[in-house]
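Comments concern the structure below.
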2 protein chains.
Amino acid sequence: MGRLTAIVLGAAAGGGFPQWNCRCAVCQLAWAGDPRVTPRTQASLAVSTDERHWVVLNASPDLRAQIAANPILQPQQDLRGSPIVAVVLTGAEVDQVAGLLTLRERQPFALYATTDTLATVSANPMFGVLAPGVVSRQPVSIGDRFTPAPDIEAELFAVPGKLPLYLEGDSPALALETEVNVGVEMRSGGKRLVFVPGAAAVTPELKRRFTYADAIYFDGTLFTDDEMIRTGTGSKSGRRMGHMPIDGEDGTLAALTNLAARRVFIHINNTNPILISGSPERQKVEAAGWEIAEDGLKVVL
Amino acid sequence: MGRLTAIVLGAAAGGGFPQWNCRCAVCQLAWAGDPRVTPRTQASLAVSTDERHWVVLNASPDLRAQIAANPILQPQQDLRGSPIVAVVLTGAEVDQVAGLLTLRERQPFALYATTDTLATVSANPMFGVLAPGVVSRQPVSIGDRFTPAPDIEAELFAVPGKLPLYLEGDSPALALETEVNVGVEMRSGGKRLVFVPGAAAVTPELKRRFTYADAIYFDGTLFTDDEMIRTGTGSKSGRRMGHMPIDGEDGTLAALTNLAARRVFIHINNTNPILISGSPERQKVEAAGWEIAEDGLKVVL
């Protein structure tokens, strides 16, 4: 058994960086090829212990390009095959599931997610290209242990997420824990990795789990809660979209201190100034001990 | 008004070239980086007369990467925007529609397709990310004229396509004309371009239409009808999948002779030996006056 290893397949939030129709300040740097920014595909992590069997956490719409960029995920033997033996979903948003459509062509693998998430996927007949006799859909409850690849034990856990629309309006934004937005913990050889691409808040339970982790990949969507409103790119605060900000009194930097783990921001929105090397926001995050995920970042625990 | 211009955004059939899980002889060359082959994304064509407003024919799963590869399709002005003003669908297969999910983020454009194709898309709740108030879905009947961009007149036409499964079995494979598989004609300044990424046969009506065309982008899926069976990559003949072969007595080379148009094979399957420069099959196709589409191929009529 080798060491628990993770490769960032994509580091950006939904839409990717740059986003196809956006000319915000950060996207403009990317379109212009400015060396201070690096384009990123949509968030996904590949995890393995032997570098021959890989578990993909969330199937981003960019999955085909991500496989092209990572030879280790390309077929190695037989006429048809793939090192991807399983996909684990933390939710059913477009940027978490559309890449499943890339995994068609009658290739067996196992798909793990909560019953709610699997139902949201199956409500779309198009995902029928993953034939039931070929791709096994494995419902997993929060807290269950499962084995998506040899020597890897995994568990889904509750994470405060997006408010249902009907609860928005004028009421304060409450963060709800539901089966449609979860985190994943992967364990092997005494090492623990957690992947939480969307979190509206850090609960005491989450904080306790992170205390025991060796690597944390956490929601880096927005630097400030009103970032999309201020940049004119959206009308909602981060929290109302299910994403706590990095900065501010009750932001992630303040909430997640005194942790021994490698801490990596992932699912970074195109408006987020931490994408710019040398920006004050990037410096603040790095000074606090956080890394900013880029496509291809490899961590071996 | 400028000249009618088309750029191949993607030249490969569904799955792309190489295909994520395939090690057929042609894919192996691509995985190995052999210079005789060039990777290709999934089939799509962008058409314009002014190079500022573009119509995309089929939204392939690779659309985000295709926009990244074609600066002319990137946002040019305002905070949010896109030169893509319309998408026209020739069917509702994964490789024809999944890219619509990339075109989210509240960006207005018009989506043209037959009623059947739009219904197949809408049966998937996920495409609700294209909000009805933002993206206008325009049902078009075969033979109707519509204007997807300034100075471009377009028309969908019938093309023999895939057999419904229930008609397969032991009966001979009949090619059916339905609203779920069509071709597109684009006209401007007296020039005509036709795009037919899937055709099970060439009818006299199709042949007559091609006689008046200046450029033909035609189904280049398979070189021989039994190609997928022989290579062990599939169990069906090309015709049963709705694709007539290039070669053979009743193949495309034999059916489409004496045409003045530029003739380009597109939607090329990963098993097709015309993908290999210098192969006997490539030489035969080129000797017959056909071009083999690559991503980025630009034609100005």
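Residues are named by chain letter and number: chains run A, B, ... in the order of the structure tokens, numbers start at 1 in each chain, and ligands are numbered from 1 in the order shown.
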
- Select residues of chain B: the criterion is any atom within 9 Å of an atom of chain A, counting only C-alpha atoms; output as a PyMOL selection string. chain B and resi 15-16+18-25+31+61-62+64-65+67-68+71+73-83+93-94+98-99+101-105+107+120-121+123-126+129+231-233

- Query: Can you list every residue in region 121-275 of chain B that DSSP puts in strand (DSSP E), as a PyMOL selection string?
  - Reply: chain B and resi 135-139+145-149+152-161+176-188+191-196+215-219+262-266

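In this comparison, which uses only C-alpha atoms, the residue of B:Asp116, B:Gly296, B:Tyr212, B:Gly220 approaching Gly190 (chain B) most closely is B:Tyr212.
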
- Compile the contact shell of region 34-36 of chain B as a list in words: residues with an atom at most 9 Å away, counting only C-alpha atoms, same-chain residues fewer than 4 positions apart removed. Gln28, Leu29, Ala30, Leu275, Ile276, Ser277 and Gly278 of chain B

Could you turn the residues from that selection into a file that holds all heavy atoms, as a short mmCIF file (atom, residue, chain, number, x, y, z; two decimals), in the first residue's frame?
data_model
loop_
_atom_site.label_atom_id
_atom_site.label_comp_id
_atom_site.auth_asym_id
_atom_site.auth_seq_id
_atom_site.Cartn_x
_atom_site.Cartn_y
_atom_site.Cartn_z
N GLN B 28 -4.22 4.89 -29.33
CA GLN B 28 -2.89 4.66 -28.77
C GLN B 28 -1.86 5.62 -29.36
O GLN B 28 -0.96 6.09 -28.65
CB GLN B 28 -2.45 3.21 -28.99
CG GLN B 28 -3.19 2.24 -28.07
CD GLN B 28 -2.34 1.02 -27.73
OE1 GLN B 28 -1.18 1.16 -27.38
NE2 GLN B 28 -2.94 -0.15 -27.85
N LEU B 29 -1.99 5.91 -30.65
CA LEU B 29 -1.08 6.90 -31.25
C LEU B 29 -1.25 8.25 -30.56
O LEU B 29 -0.27 8.94 -30.26
CB LEU B 29 -1.35 7.03 -32.76
CG LEU B 29 -1.04 5.82 -33.63
CD1 LEU B 29 -1.45 6.10 -35.08
CD2 LEU B 29 0.45 5.46 -33.56
N ALA B 30 -2.50 8.61 -30.30
CA ALA B 30 -2.74 9.92 -29.67
C ALA B 30 -2.20 9.96 -28.25
O ALA B 30 -1.55 10.93 -27.85
CB ALA B 30 -4.24 10.23 -29.68
N LEU B 275 -7.86 9.52 -39.39
CA LEU B 275 -7.22 10.42 -38.43
C LEU B 275 -5.70 10.36 -38.51
O LEU B 275 -5.01 11.24 -37.98
CB LEU B 275 -7.67 10.07 -37.00
CG LEU B 275 -9.12 10.40 -36.66
CD1 LEU B 275 -9.54 9.72 -35.36
CD2 LEU B 275 -9.31 11.92 -36.53
N ILE B 276 -5.16 9.31 -39.17
CA ILE B 276 -3.70 9.11 -39.23
C ILE B 276 -3.15 9.68 -40.53
O ILE B 276 -3.48 9.18 -41.62
CB ILE B 276 -3.35 7.61 -39.13
CG1 ILE B 276 -4.00 6.99 -37.88
CG2 ILE B 276 -1.83 7.41 -39.12
CD1 ILE B 276 -3.91 5.46 -37.85
N SER B 277 -2.32 10.70 -40.43
CA SER B 277 -1.68 11.28 -41.62
C SER B 277 -0.93 10.20 -42.37
O SER B 277 -0.17 9.44 -41.78
CB SER B 277 -0.67 12.35 -41.23
OG SER B 277 -1.29 13.53 -40.89
N GLY B 278 -1.14 10.15 -43.65
CA GLY B 278 -0.38 9.21 -44.47
C GLY B 278 -0.96 7.82 -44.53
O GLY B 278 -0.46 6.97 -45.28
#

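Candidate residues A:Val26, A:Val264, A:Ile72, A:Val8 were compared for distance to Asn58 (chain A), and the nearest is A:Val8, using only C-alpha atoms.
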
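Going from CA of Gly248 (chain B) to CA of Glu227 (chain B) covers 12.0 Å.
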
- Task: Could you jot down the CA of Ile142 (chain B) to CA of Glu177 (chain B) separation for me, Å, one decimal place?
- Result: 10.8 Å

- Message: With only C-alpha atoms as the counted atoms, please give the residues lying no more than 12 Å from Trp54 (chain A), apart from itself and same-chain residues fewer than 5 positions off, as number ranges by chain.
- Response: A: 4-7, 9, 45-49, 67, 70, 72-75, 82-88, 109-110, 147-152

- Query: In Å, how far is it from CA of Glu51 (chain A) to CA of Ala131 (chain A)?
  - Reply: 26.7 Å
